[in-house]
$ cat my_file_39.pdb   # PDB, C-alpha atoms
ATOM      1  CA  MET M   1      40.470 -89.089 194.998  1.00  0.00           C
ATOM      2  CA  SER M   2      41.746 -90.283 191.621  1.00  0.00           C
ATOM      3  CA  PRO M   3      45.489 -90.084 190.970  1.00  0.00           C
ATOM      4  CA  ARG M   4      46.691 -87.526 188.438  1.00  0.00           C
ATOM      5  CA  LEU M   5      48.654 -90.082 186.416  1.00  0.00           C
ATOM      6  CA  VAL M   6      47.956 -93.745 185.655  1.00  0.00           C
ATOM      7  CA  TRP M   7      49.538 -96.390 183.509  1.00  0.00           C
ATOM      8  CA  TYR M   8      47.091 -97.329 180.770  1.00  0.00           C
ATOM      9  CA  VAL M   9      47.834-100.969 179.959  1.00  0.00           C
ATOM     10  CA  GLY M  10      47.242-101.930 176.336  1.00  0.00           C
ATOM     11  CA  TYR M  11      47.189-105.604 175.388  1.00  0.00           C
ATOM     12  CA  GLY M  12      45.801-105.432 171.836  1.00  0.00           C
ATOM     13  CA  SER M  13      46.460-103.101 168.936  1.00  0.00           C
ATOM     14  CA  ASN M  14      47.282-100.254 171.336  1.00  0.00           C
ATOM     15  CA  MET M  15      50.623-101.891 172.019  1.00  0.00           C
ATOM     16  CA  HIS M  16      51.566-100.280 168.706  1.00  0.00           C
ATOM     17  CA  ALA M  17      52.663 -96.765 169.649  1.00  0.00           C
ATOM     18  CA  ASP M  18      51.588 -95.042 166.426  1.00  0.00           C
ATOM     19  CA  ARG M  19      48.135 -96.530 166.681  1.00  0.00           C
ATOM     20  CA  PHE M  20      47.734 -95.551 170.317  1.00  0.00           C
ATOM     21  CA  ALA M  21      48.814 -92.011 169.458  1.00  0.00           C
ATOM     22  CA  CYS M  22      45.627 -91.677 167.391  1.00  0.00           C
ATOM     23  CA  TYR M  23      43.600 -92.113 170.584  1.00  0.00           C
ATOM     24  CA  LEU M  24      45.495 -89.204 172.104  1.00  0.00           C
ATOM     25  CA  ARG M  25      45.778 -86.728 169.229  1.00  0.00           C
ATOM     26  CA  GLY M  26      43.016 -88.012 166.936  1.00  0.00           C
ATOM     27  CA  GLY M  27      43.169 -89.497 163.459  1.00  0.00           C
ATOM     28  CA  ARG M  28      42.847 -92.820 161.671  1.00  0.00           C
ATOM     29  CA  PRO M  29      45.403 -95.546 162.397  1.00  0.00           C
ATOM     30  CA  ALA M  30      46.924 -97.416 159.479  1.00  0.00           C
ATOM     31  CA  GLY M  31      44.755-100.398 158.545  1.00  0.00           C
ATOM     32  CA  ALA M  32      41.712 -99.199 160.502  1.00  0.00           C
ATOM     33  CA  THR M  33      38.333 -98.088 159.112  1.00  0.00           C
ATOM     34  CA  ARG M  34      37.528 -95.401 161.665  1.00  0.00           C
ATOM     35  CA  ASP M  35      38.729 -91.924 162.619  1.00  0.00           C
ATOM     36  CA  TYR M  36      39.233 -91.233 166.331  1.00  0.00           C
ATOM     37  CA  PRO M  37      38.450 -87.805 167.815  1.00  0.00           C
ATOM     38  CA  GLY M  38      41.355 -87.929 170.262  1.00  0.00           C
ATOM     39  CA  CYS M  39      41.559 -86.832 173.883  1.00  0.00           C
ATOM     40  CA  ARG M  40      40.759 -83.437 175.364  1.00  0.00           C
ATOM     41  CA  ASP M  41      44.442 -83.360 176.245  1.00  0.00           C
ATOM     42  CA  ALA M  42      46.305 -84.468 173.124  1.00  0.00           C
ATOM     43  CA  SER M  43      49.710 -84.552 174.838  1.00  0.00           C
ATOM     44  CA  PRO M  44      51.793 -87.676 174.190  1.00  0.00           C
ATOM     45  CA  ALA M  45      52.240 -90.238 176.939  1.00  0.00           C
ATOM     46  CA  ALA M  46      54.881 -89.211 179.459  1.00  0.00           C
ATOM     47  CA  ARG M  47      56.481 -92.664 179.272  1.00  0.00           C
ATOM     48  CA  SER M  48      55.812 -96.159 177.995  1.00  0.00           C
ATOM     49  CA  ARG M  49      57.161 -99.533 179.015  1.00  0.00           C
ATOM     50  CA  GLY M  50      56.653-103.215 178.329  1.00  0.00           C
ATOM     51  CA  LEU M  51      55.209-105.376 181.078  1.00  0.00           C
ATOM     52  CA  GLU M  52      54.001-108.913 181.585  1.00  0.00           C
ATOM     53  CA  VAL M  53      50.913-109.301 183.764  1.00  0.00           C
ATOM     54  CA  PRO M  54      49.104-112.386 185.096  1.00  0.00           C
ATOM     55  CA  GLY M  55      46.426-113.759 182.784  1.00  0.00           C
ATOM     56  CA  GLY M  56      46.053-113.914 179.030  1.00  0.00           C
ATOM     57  CA  ILE M  57      44.250-112.620 175.972  1.00  0.00           C
ATOM     58  CA  TYR M  58      41.615-114.134 173.692  1.00  0.00           C
ATOM     59  CA  PHE M  59      39.556-112.930 170.721  1.00  0.00           C
ATOM     60  CA  ALA M  60      35.775-112.521 170.733  1.00  0.00           C
ATOM     61  CA  THR M  61      32.899-110.450 169.263  1.00  0.00           C
ATOM     62  CA  TRP M  62      33.377-108.669 165.914  1.00  0.00           C
ATOM     63  CA  SER M  63      35.103-105.365 165.310  1.00  0.00           C
ATOM     64  CA  PRO M  64      33.807-103.130 162.491  1.00  0.00           C
ATOM     65  CA  VAL M  65      37.181-101.376 162.645  1.00  0.00           C
ATOM     66  CA  TRP M  66      39.273-104.512 162.072  1.00  0.00           C
ATOM     67  CA  LEU M  67      36.604-106.767 160.505  1.00  0.00           C
ATOM     68  CA  GLY M  68      37.184-109.654 162.874  1.00  0.00           C
ATOM     69  CA  GLY M  69      37.503-110.701 166.495  1.00  0.00           C
ATOM     70  CA  ARG M  70      38.716-108.241 169.132  1.00  0.00           C
ATOM     71  CA  ALA M  71      41.354-108.891 171.782  1.00  0.00           C
ATOM     72  CA  PHE M  72      40.191-109.073 175.390  1.00  0.00           C
ATOM     73  CA  TYR M  73      42.188-109.561 178.568  1.00  0.00           C
ATOM     74  CA  ASP M  74      41.196-112.171 181.157  1.00  0.00           C
ATOM     75  CA  PRO M  75      43.221-112.012 184.388  1.00  0.00           C
ATOM     76  CA  ASP M  76      42.034-115.519 185.301  1.00  0.00           C
ATOM     77  CA  LEU M  77      43.605-117.256 182.322  1.00  0.00           C
ATOM     78  CA  PRO M  78      46.812-119.195 183.065  1.00  0.00           C
ATOM     79  CA  GLY M  79      50.159-117.712 182.192  1.00  0.00           C
ATOM     80  CA  THR M  80      51.066-114.103 181.517  1.00  0.00           C
ATOM     81  CA  ALA M  81      49.966-111.478 179.024  1.00  0.00           C
ATOM     82  CA  ALA M  82      52.533-109.303 177.253  1.00  0.00           C
ATOM     83  CA  VAL M  83      51.367-105.683 177.389  1.00  0.00           C
ATOM     84  CA  ARG M  84      52.492-102.095 176.902  1.00  0.00           C
ATOM     85  CA  ALA M  85      51.865 -99.490 179.591  1.00  0.00           C
ATOM     86  CA  TYR M  86      51.573 -95.772 178.816  1.00  0.00           C
ATOM     87  CA  LEU M  87      51.815 -93.161 181.550  1.00  0.00           C
ATOM     88  CA  ILE M  88      48.943 -90.745 180.879  1.00  0.00           C
ATOM     89  CA  THR M  89      46.576 -88.523 182.861  1.00  0.00           C
ATOM     90  CA  THR M  90      43.356 -89.856 184.339  1.00  0.00           C
ATOM     91  CA  GLY M  91      41.458 -87.599 181.939  1.00  0.00           C
ATOM     92  CA  GLN M  92      43.265 -89.143 178.980  1.00  0.00           C
ATOM     93  CA  PHE M  93      42.557 -92.624 180.328  1.00  0.00           C
ATOM     94  CA  SER M  94      38.864 -91.735 180.532  1.00  0.00           C
ATOM     95  CA  ASP M  95      38.871 -90.420 176.972  1.00  0.00           C
ATOM     96  CA  VAL M  96      40.695 -93.467 175.616  1.00  0.00           C
ATOM     97  CA  ALA M  97      38.107 -95.721 177.278  1.00  0.00           C
ATOM     98  CA  ALA M  98      35.284 -93.668 175.765  1.00  0.00           C
ATOM     99  CA  GLN M  99      36.737 -93.974 172.269  1.00  0.00           C
ATOM    100  CA  GLU M 100      37.087 -97.741 172.675  1.00  0.00           C
ATOM    101  CA  MET M 101      33.323 -97.804 173.290  1.00  0.00           C
ATOM    102  CA  TYR M 102      32.611 -95.584 170.246  1.00  0.00           C
ATOM    103  CA  ARG M 103      31.584 -92.725 172.510  1.00  0.00           C
ATOM    104  CA  ASP M 104      32.612 -89.098 172.515  1.00  0.00           C
ATOM    105  CA  PRO M 105      35.413 -88.286 174.975  1.00  0.00           C
ATOM    106  CA  GLY M 106      34.820 -85.675 177.634  1.00  0.00           C
ATOM    107  CA  VAL M 107      33.635 -87.353 180.855  1.00  0.00           C
ATOM    108  CA  ASP M 108      36.096 -88.276 183.595  1.00  0.00           C
ATOM    109  CA  LEU M 109      35.723 -91.759 185.030  1.00  0.00           C
ATOM    110  CA  ASP M 110      35.526 -92.305 188.780  1.00  0.00           C
ATOM    111  CA  LEU M 111      38.465 -94.614 189.387  1.00  0.00           C
ATOM    112  CA  GLY M 112      37.827 -95.053 193.098  1.00  0.00           C
ATOM    113  CA  GLY M 113      36.025 -98.360 192.642  1.00  0.00           C
ATOM    114  CA  VAL M 114      38.728-100.087 190.633  1.00  0.00           C
ATOM    115  CA  LEU M 115      41.532 -98.735 192.804  1.00  0.00           C
ATOM    116  CA  SER M 116      39.931-100.181 195.932  1.00  0.00           C
ATOM    117  CA  ALA M 117      38.386-103.395 194.591  1.00  0.00           C
ATOM    118  CA  ARG M 118      40.896-104.202 191.774  1.00  0.00           C
ATOM    119  CA  ARG M 119      37.980-104.763 189.366  1.00  0.00           C
ATOM    120  CA  HIS M 120      35.029-102.488 188.671  1.00  0.00           C
ATOM    121  CA  VAL M 121      32.240-103.027 186.154  1.00  0.00           C
ATOM    122  CA  LEU M 122      30.999 -99.746 184.693  1.00  0.00           C
ATOM    123  CA  GLY M 123      28.512-101.366 182.314  1.00  0.00           C
ATOM    124  CA  GLU M 124      27.813-104.314 180.043  1.00  0.00           C
ATOM    125  CA  GLY M 125      29.846-102.997 177.129  1.00  0.00           C
ATOM    126  CA  ARG M 126      32.809-104.879 175.740  1.00  0.00           C
ATOM    127  CA  TYR M 127      35.422-102.566 177.286  1.00  0.00           C
ATOM    128  CA  GLU M 128      33.536-101.265 180.322  1.00  0.00           C
ATOM    129  CA  THR M 129      35.175-103.385 183.015  1.00  0.00           C
ATOM    130  CA  LEU M 130      38.196-101.754 184.642  1.00  0.00           C
ATOM    131  CA  VAL M 131      40.993-103.901 186.086  1.00  0.00           C
ATOM    132  CA  HIS M 132      43.748-102.710 188.430  1.00  0.00           C
ATOM    133  CA  LEU M 133      47.027-104.473 187.664  1.00  0.00           C
ATOM    134  CA  GLY M 134      49.124-103.149 190.519  1.00  0.00           C
ATOM    135  CA  GLU M 135      51.483-100.214 190.955  1.00  0.00           C
ATOM    136  CA  HIS M 136      54.527 -99.348 188.869  1.00  0.00           C
ATOM    137  CA  ASP M 137      56.855 -96.510 189.808  1.00  0.00           C
ATOM    138  CA  GLY M 138      54.244 -95.145 192.173  1.00  0.00           C
ATOM    139  CA  HIS M 139      51.354 -95.054 189.681  1.00  0.00           C
ATOM    140  CA  PRO M 140      48.443 -97.511 189.346  1.00  0.00           C
ATOM    141  CA  ALA M 141      48.307 -99.647 186.197  1.00  0.00           C
ATOM    142  CA  LEU M 142      44.796 -99.924 184.767  1.00  0.00           C
ATOM    143  CA  THR M 143      43.197-101.569 181.769  1.00  0.00           C
ATOM    144  CA  PHE M 144      39.701-102.201 180.523  1.00  0.00           C
ATOM    145  CA  THR M 145      38.184-105.389 179.204  1.00  0.00           C
ATOM    146  CA  ALA M 146      34.868-107.221 178.903  1.00  0.00           C
ATOM    147  CA  PRO M 147      32.663-108.131 181.887  1.00  0.00           C
ATOM    148  CA  TRP M 148      32.742-111.781 180.830  1.00  0.00           C
ATOM    149  CA  GLY M 149      35.619-114.253 181.001  1.00  0.00           C
ATOM    150  CA  ALA M 150      37.287-116.168 178.191  1.00  0.00           C
ATOM    151  CA  HIS M 151      35.221-119.285 178.915  1.00  0.00           C
ATOM    152  CA  GLU M 152      31.903-117.426 178.894  1.00  0.00           C
ATOM    153  CA  VAL M 153      31.818-116.215 175.302  1.00  0.00           C
ATOM    154  CA  ALA M 154      32.233-117.609 171.795  1.00  0.00           C
ATOM    155  CA  HIS M 155      35.680-116.961 170.384  1.00  0.00           C
ATOM    156  CA  THR M 156      35.932-115.351 166.937  1.00  0.00           C
ATOM    157  CA  ALA M 157      38.702-115.151 164.371  1.00  0.00           C
ATOM    158  CA  PRO M 158      40.832-111.993 164.363  1.00  0.00           C
ATOM    159  CA  SER M 159      41.603-110.529 160.949  1.00  0.00           C
ATOM    160  CA  ALA M 160      45.017-110.689 159.325  1.00  0.00           C
ATOM    161  CA  ALA M 161      45.350-106.897 159.520  1.00  0.00           C
ATOM    162  CA  TYR M 162      44.590-106.901 163.240  1.00  0.00           C
ATOM    163  CA  LEU M 163      47.049-109.685 164.019  1.00  0.00           C
ATOM    164  CA  ALA M 164      49.750-107.925 162.017  1.00  0.00           C
ATOM    165  CA  VAL M 165      49.336-104.791 164.151  1.00  0.00           C
ATOM    166  CA  LEU M 166      49.396-106.831 167.366  1.00  0.00           C
ATOM    167  CA  ALA M 167      52.536-108.633 166.226  1.00  0.00           C
ATOM    168  CA  ASP M 168      54.205-105.334 165.356  1.00  0.00           C
ATOM    169  CA  GLY M 169      53.233-103.979 168.771  1.00  0.00           C
ATOM    170  CA  LEU M 170      54.743-106.972 170.549  1.00  0.00           C
ATOM    171  CA  ARG M 171      57.977-106.692 168.581  1.00  0.00           C
ATOM    172  CA  GLU M 172      58.143-102.931 169.148  1.00  0.00           C
ATOM    173  CA  THR M 173      57.372-103.158 172.871  1.00  0.00           C
ATOM    174  CA  HIS M 174      59.225-106.284 173.930  1.00  0.00           C
ATOM    175  CA  GLY M 175      61.858-106.698 171.236  1.00  0.00           C
ATOM    176  CA  TRP M 176      60.472-110.105 170.279  1.00  0.00           C
ATOM    177  CA  SER M 177      61.222-111.882 167.039  1.00  0.00           C
ATOM    178  CA  ALA M 178      58.441-112.410 164.516  1.00  0.00           C
ATOM    179  CA  ASP M 179      58.309-116.097 165.436  1.00  0.00           C
ATOM    180  CA  ARG M 180      57.935-115.400 169.156  1.00  0.00           C
ATOM    181  CA  ALA M 181      55.199-112.825 168.595  1.00  0.00           C
ATOM    182  CA  ALA M 182      53.403-115.216 166.247  1.00  0.00           C
ATOM    183  CA  ALA M 183      53.572-118.091 168.752  1.00  0.00           C
ATOM    184  CA  TYR M 184      52.183-115.864 171.500  1.00  0.00           C
ATOM    185  CA  LEU M 185      49.234-114.762 169.373  1.00  0.00           C
ATOM    186  CA  ALA M 186      48.551-118.249 168.014  1.00  0.00           C
ATOM    187  CA  ALA M 187      48.218-119.515 171.586  1.00  0.00           C
ATOM    188  CA  ALA M 188      45.344-117.028 172.057  1.00  0.00           C
ATOM    189  CA  THR M 189      43.226-118.155 169.079  1.00  0.00           C
ATOM    190  CA  PRO M 190      42.270-121.506 167.538  1.00  0.00           C
ATOM    191  CA  PHE M 191      41.717-119.869 164.148  1.00  0.00           C
ATOM    192  CA  TRP M 192      45.346-119.122 163.235  1.00  0.00           C
ATOM    193  CA  ASP M 193      48.582-121.054 163.571  1.00  0.00           C
ATOM    194  CA  ALA M 194      51.956-119.537 164.373  1.00  0.00           C
ATOM    195  CA  ARG M 195      53.381-120.051 160.873  1.00  0.00           C
ATOM    196  CA  ALA M 196      50.501-118.171 159.243  1.00  0.00           C
ATOM    197  CA  ILE M 197      50.833-115.280 161.709  1.00  0.00           C
ATOM    198  CA  ALA M 198      54.599-115.144 161.223  1.00  0.00           C
ATOM    199  CA  ARG M 199      54.023-114.712 157.474  1.00  0.00           C
ATOM    200  CA  LEU M 200      51.939-111.629 158.258  1.00  0.00           C
ATOM    201  CA  CYS M 201      54.976-110.129 159.978  1.00  0.00           C
ATOM    202  CA  ASP M 202      56.981-110.549 156.792  1.00  0.00           C
ATOM    203  CA  GLY M 203      54.355-108.905 154.617  1.00  0.00           C
TER     204      GLY M 203
END
$ encode --input "my_file_39.pdb" --output "structure tokens"
Amino acid sequence: MSPRLVWYVGYGSNMHADRFACYLRGGRPAGATRDYPGCRDASPAARSRGLEVPGGIYFATWSPVWLGGRAFYDPDLPGTAAVRAYLITTGQFSDVAAQEMYRDPGVDLDLGGVLSARRHVLGEGRYETLVHLGEHDGHPALTFTAPWGAHEVAHTAPSAAYLAVLADGLRETHGWSADRAAAYLAAATPFWDARAIARLCDG
């Protein structure tokens, strides 16, 4: 049986609370090119918290929303990934996942596979692989990512607008300086250096 509440772990633009709120209540995030329908339950997250989890992020494929590479999480990369966890219902988690795949929300995911095996591939889509990142305060922490690893796909350049939102999310979630957020993101992509990303934070 699926738990009633889970921590949804965001490692990309959803670290930014205002942007993630559009997945819950619907709307168009600042800087994006798409409107989101929102969840069946538009209630705000019960709580949010910053975490660091084993692994790292990288950028691949091409997002028509951000006009550049998307962030993906790979638990097998060295180091740790800085993330933001939101305590939401399993139904909301299912609807957020659907919207990430450009699908209509409304179908509850069966979380039994990922809770027992720690990783469960629902399909070949870019965000259709669920990963269980442990328990926090009695609730499982879950994210979704690609079925491939960082070394199995061509990396692509994230856009300036996308990196600016990620940097804002890191600063908002973890209290980092612009320079620290920029260094973290630069380590995830060969297409930008830390100084260039830091300038985005000042813009």
$ residues_around --input "my_file_39.pdb" --residues "Val121 in chain M" --least-positions-apart "5" --cutoff "8 Å" --atoms "only C-alpha atoms" --output "list in words"
Glu128, Thr129, Leu130 and Pro147 of chain M
$ resolve_selection --input "my_file_39.pdb" --expression "the PyMOL selection byres ((chain M and resi 105-107) around 12)" --output "MDAnalysis selection string"
chainID M and resid 23:26 36:42 90:104 108:110
$ write_last_selection --input "my_file_39.pdb" --atoms "C-alpha atoms" --output "mmCIF file, in the frame of the given file"
data_model
loop_
_atom_site.group_PDB
_atom_site.id
_atom_site.type_symbol
_atom_site.label_atom_id
_atom_site.label_comp_id
_atom_site.auth_asym_id
_atom_site.auth_seq_id
_atom_site.Cartn_x
_atom_site.Cartn_y
_atom_site.Cartn_z
ATOM 1 C CA TYR M 23 43.600 -92.113 170.584
ATOM 2 C CA LEU M 24 45.495 -89.204 172.104
ATOM 3 C CA ARG M 25 45.778 -86.728 169.229
ATOM 4 C CA GLY M 26 43.016 -88.012 166.936
ATOM 5 C CA TYR M 36 39.233 -91.233 166.331
ATOM 6 C CA PRO M 37 38.450 -87.805 167.815
ATOM 7 C CA GLY M 38 41.355 -87.929 170.262
ATOM 8 C CA CYS M 39 41.559 -86.832 173.883
ATOM 9 C CA ARG M 40 40.759 -83.437 175.364
ATOM 10 C CA ASP M 41 44.442 -83.360 176.245
ATOM 11 C CA ALA M 42 46.305 -84.468 173.124
ATOM 12 C CA THR M 90 43.356 -89.856 184.339
ATOM 13 C CA GLY M 91 41.458 -87.599 181.939
ATOM 14 C CA GLN M 92 43.265 -89.143 178.980
ATOM 15 C CA PHE M 93 42.557 -92.624 180.328
ATOM 16 C CA SER M 94 38.864 -91.735 180.532
ATOM 17 C CA ASP M 95 38.871 -90.420 176.972
ATOM 18 C CA VAL M 96 40.695 -93.467 175.616
ATOM 19 C CA ALA M 97 38.107 -95.721 177.278
ATOM 20 C CA ALA M 98 35.284 -93.668 175.765
ATOM 21 C CA GLN M 99 36.737 -93.974 172.269
ATOM 22 C CA GLU M 100 37.087 -97.741 172.675
ATOM 23 C CA MET M 101 33.323 -97.804 173.290
ATOM 24 C CA TYR M 102 32.611 -95.584 170.246
ATOM 25 C CA ARG M 103 31.584 -92.725 172.510
ATOM 26 C CA ASP M 104 32.612 -89.098 172.515
ATOM 27 C CA ASP M 108 36.096 -88.276 183.595
ATOM 28 C CA LEU M 109 35.723 -91.759 185.030
ATOM 29 C CA ASP M 110 35.526 -92.305 188.780
#
$ atom_distance --input "my_file_39.pdb" --atom1 "CA of Ala146 in chain M" --atom2 "CA of Thr61 in chain M"
10.4 Å
$ closest_residue --input "my_file_39.pdb" --among "M:Val131, M:Ala46, M:Ala157, M:Leu163" --to "Gly112 in chain M" --atoms "all atoms listed in the file"
M:Val131
$ atom_distance --input "my_file_39.pdb" --atom1 "CA of Ser177 in chain M" --atom2 "CA of His155 in chain M"
26.3 Å
$ resolve_selection --input "my_file_39.pdb" --expression "the PyMOL selection byres ((chain M and resi 76) around 12)" --output "list in words"
Val53, Pro54, Gly55, Gly56, Ile57, Tyr58, Phe72, Tyr73, Asp74, Pro75, Leu77, Pro78, Gly79, Thr80, Ala81, Val131, Trp148, Gly149, Ala150 and His151 of chain M
$ closest_residue --input "my_file_39.pdb" --among "M:Leu67, M:Leu115, M:Ala60, M:Leu200" --to "Ala154 in chain M" --atoms "all atoms listed in the file"
M:Ala60
$ atom_distance --input "my_file_39.pdb" --atom1 "CA of Pro190 in chain M" --atom2 "CA of Ala82 in chain M"
18.7 Å
$ closest_residue --input "my_file_39.pdb" --among "M:Asp179, M:Glu152, M:Glu124, M:Asp18" --to "Pro44 in chain M" --atoms "all atoms listed in the file"
M:Asp18
$ resolve_selection --input "my_file_39.pdb" --expression "the PyMOL selection byres ((chain M and resi 51) around 8)" --output "list in words"
Arg49, Gly50, Glu52, Val53, Ala82, Val83, Arg84 and Ala85 of chain M
$ closest_residue --input "my_file_39.pdb" --among "M:Ala188, M:Leu87, M:Val114, M:Ala167" --to "His136 in chain M" --atoms "all atoms listed in the file"
M:Leu87
$ closest_residue --input "my_file_39.pdb" --among "M:Thr89, M:Ser13, M:Ser116, M:Thr173" --to "Trp66 in chain M" --atoms "all atoms listed in the file"
M:Ser13
$ closest_residue --input "my_file_39.pdb" --among "M:Val65, M:Leu166, M:Ala198, M:Ile88" --to "Pro140 in chain M" --atoms "all atoms listed in the file"
M:Ile88
$ axis_aligned_box --input "my_file_39.pdb" --around "range 133-150 of chain M" --padding-each-side "4 Å" --output "lines of an AutoDock Vina configuration file"
center_x = 44.8
center_y = -105.6
center_z = 185.2
size_x = 32.2
size_y = 29.1
size_z = 22.0
$ decode --input "my_file_39.pdb" --residues "range 64-138 of chain M" --atoms "C-alpha atoms" --output "PDB file, in the first residue's frame"
ATOM      1  CA  PRO M  64      11.039  23.313 -25.158  1.00  0.00           C
ATOM      2  CA  VAL M  65      10.092  25.040 -21.902  1.00  0.00           C
ATOM      3  CA  TRP M  66      13.594  26.324 -21.112  1.00  0.00           C
ATOM      4  CA  LEU M  67      15.138  26.123 -24.610  1.00  0.00           C
ATOM      5  CA  GLY M  68      18.163  24.138 -23.520  1.00  0.00           C
ATOM      6  CA  GLY M  69      19.381  21.103 -21.617  1.00  0.00           C
ATOM      7  CA  ARG M  70      17.350  19.666 -18.740  1.00  0.00           C
ATOM      8  CA  ALA M  71      18.668  18.673 -15.322  1.00  0.00           C
ATOM      9  CA  PHE M  72      18.711  14.973 -14.478  1.00  0.00           C
ATOM     10  CA  TYR M  73      19.746  13.217 -11.290  1.00  0.00           C
ATOM     11  CA  ASP M  74      22.157  10.270 -11.336  1.00  0.00           C
ATOM     12  CA  PRO M  75      22.569   8.538  -7.961  1.00  0.00           C
ATOM     13  CA  ASP M  76      25.751   6.853  -9.217  1.00  0.00           C
ATOM     14  CA  LEU M  77      27.690  10.057  -9.801  1.00  0.00           C
ATOM     15  CA  PRO M  78      30.323  10.878  -7.157  1.00  0.00           C
ATOM     16  CA  GLY M  79      29.597  13.450  -4.507  1.00  0.00           C
ATOM     17  CA  THR M  80      26.261  14.797  -3.340  1.00  0.00           C
ATOM     18  CA  ALA M  81      23.370  16.602  -4.982  1.00  0.00           C
ATOM     19  CA  ALA M  82      21.764  19.608  -3.296  1.00  0.00           C
ATOM     20  CA  VAL M  83      17.982  19.210  -3.437  1.00  0.00           C
ATOM     21  CA  ARG M  84      14.723  20.504  -1.997  1.00  0.00           C
ATOM     22  CA  ALA M  85      12.140  18.102  -0.594  1.00  0.00           C
ATOM     23  CA  TYR M  86       8.426  18.937  -0.454  1.00  0.00           C
ATOM     24  CA  LEU M  87       6.033  16.937   1.697  1.00  0.00           C
ATOM     25  CA  ILE M  88       3.013  16.264  -0.531  1.00  0.00           C
ATOM     26  CA  THR M  89       0.389  13.555  -1.018  1.00  0.00           C
ATOM     27  CA  THR M  90       1.018  10.542  -3.222  1.00  0.00           C
ATOM     28  CA  GLY M  91      -1.689  11.832  -5.559  1.00  0.00           C
ATOM     29  CA  GLN M  92       0.114  15.154  -5.895  1.00  0.00           C
ATOM     30  CA  PHE M  93       3.394  13.341  -6.524  1.00  0.00           C
ATOM     31  CA  SER M  94       1.709  11.371  -9.308  1.00  0.00           C
ATOM     32  CA  ASP M  95       0.303  14.542 -10.850  1.00  0.00           C
ATOM     33  CA  VAL M  96       3.633  16.369 -10.667  1.00  0.00           C
ATOM     34  CA  ALA M  97       5.306  13.439 -12.442  1.00  0.00           C
ATOM     35  CA  ALA M  98       2.621  13.482 -15.138  1.00  0.00           C
ATOM     36  CA  GLN M  99       3.122  17.192 -15.784  1.00  0.00           C
ATOM     37  CA  GLU M 100       6.883  16.698 -16.075  1.00  0.00           C
ATOM     38  CA  MET M 101       6.123  14.259 -18.907  1.00  0.00           C
ATOM     39  CA  TYR M 102       3.695  16.699 -20.594  1.00  0.00           C
ATOM     40  CA  ARG M 103       0.760  14.481 -19.688  1.00  0.00           C
ATOM     41  CA  ASP M 104      -2.542  15.307 -18.069  1.00  0.00           C
ATOM     42  CA  PRO M 105      -2.620  14.685 -14.305  1.00  0.00           C
ATOM     43  CA  GLY M 106      -5.201  12.327 -12.888  1.00  0.00           C
ATOM     44  CA  VAL M 107      -3.719   8.820 -12.575  1.00  0.00           C
ATOM     45  CA  ASP M 108      -2.173   7.637  -9.316  1.00  0.00           C
ATOM     46  CA  LEU M 109       1.187   5.919  -9.622  1.00  0.00           C
ATOM     47  CA  ASP M 110       1.807   2.555  -7.979  1.00  0.00           C
ATOM     48  CA  LEU M 111       4.735   3.326  -5.705  1.00  0.00           C
ATOM     49  CA  GLY M 112       5.150  -0.218  -4.427  1.00  0.00           C
ATOM     50  CA  GLY M 113       7.952  -1.022  -6.855  1.00  0.00           C
ATOM     51  CA  VAL M 114      10.168   1.923  -5.996  1.00  0.00           C
ATOM     52  CA  LEU M 115       9.556   1.596  -2.265  1.00  0.00           C
ATOM     53  CA  SER M 116      10.716  -2.022  -2.299  1.00  0.00           C
ATOM     54  CA  ALA M 117      13.453  -1.928  -4.947  1.00  0.00           C
ATOM     55  CA  ARG M 118      14.701   1.690  -4.471  1.00  0.00           C
ATOM     56  CA  ARG M 119      14.510   2.231  -8.251  1.00  0.00           C
ATOM     57  CA  HIS M 120      11.610   1.527 -10.586  1.00  0.00           C
ATOM     58  CA  VAL M 121      11.421   2.227 -14.311  1.00  0.00           C
ATOM     59  CA  LEU M 122       7.896   3.132 -15.405  1.00  0.00           C
ATOM     60  CA  GLY M 123       8.833   3.775 -19.035  1.00  0.00           C
ATOM     61  CA  GLU M 124      11.469   5.117 -21.400  1.00  0.00           C
ATOM     62  CA  GLY M 125      10.538   8.760 -20.925  1.00  0.00           C
ATOM     63  CA  ARG M 126      12.985  11.292 -19.565  1.00  0.00           C
ATOM     64  CA  TYR M 127      11.372  11.486 -16.111  1.00  0.00           C
ATOM     65  CA  GLU M 128       9.790   8.038 -15.853  1.00  0.00           C
ATOM     66  CA  THR M 129      12.317   6.377 -13.552  1.00  0.00           C
ATOM     67  CA  LEU M 130      11.462   6.651  -9.861  1.00  0.00           C
ATOM     68  CA  VAL M 131      14.230   6.645  -7.242  1.00  0.00           C
ATOM     69  CA  HIS M 132      13.769   6.132  -3.497  1.00  0.00           C
ATOM     70  CA  LEU M 133      16.194   8.299  -1.530  1.00  0.00           C
ATOM     71  CA  GLY M 134      15.474   7.026   1.958  1.00  0.00           C
ATOM     72  CA  GLU M 135      13.159   8.098   4.761  1.00  0.00           C
ATOM     73  CA  HIS M 136      12.924  11.504   6.409  1.00  0.00           C
ATOM     74  CA  ASP M 137      10.715  12.120   9.424  1.00  0.00           C
ATOM     75  CA  GLY M 138       8.884   8.885   8.749  1.00  0.00           C
TER      76      GLY M 138
END
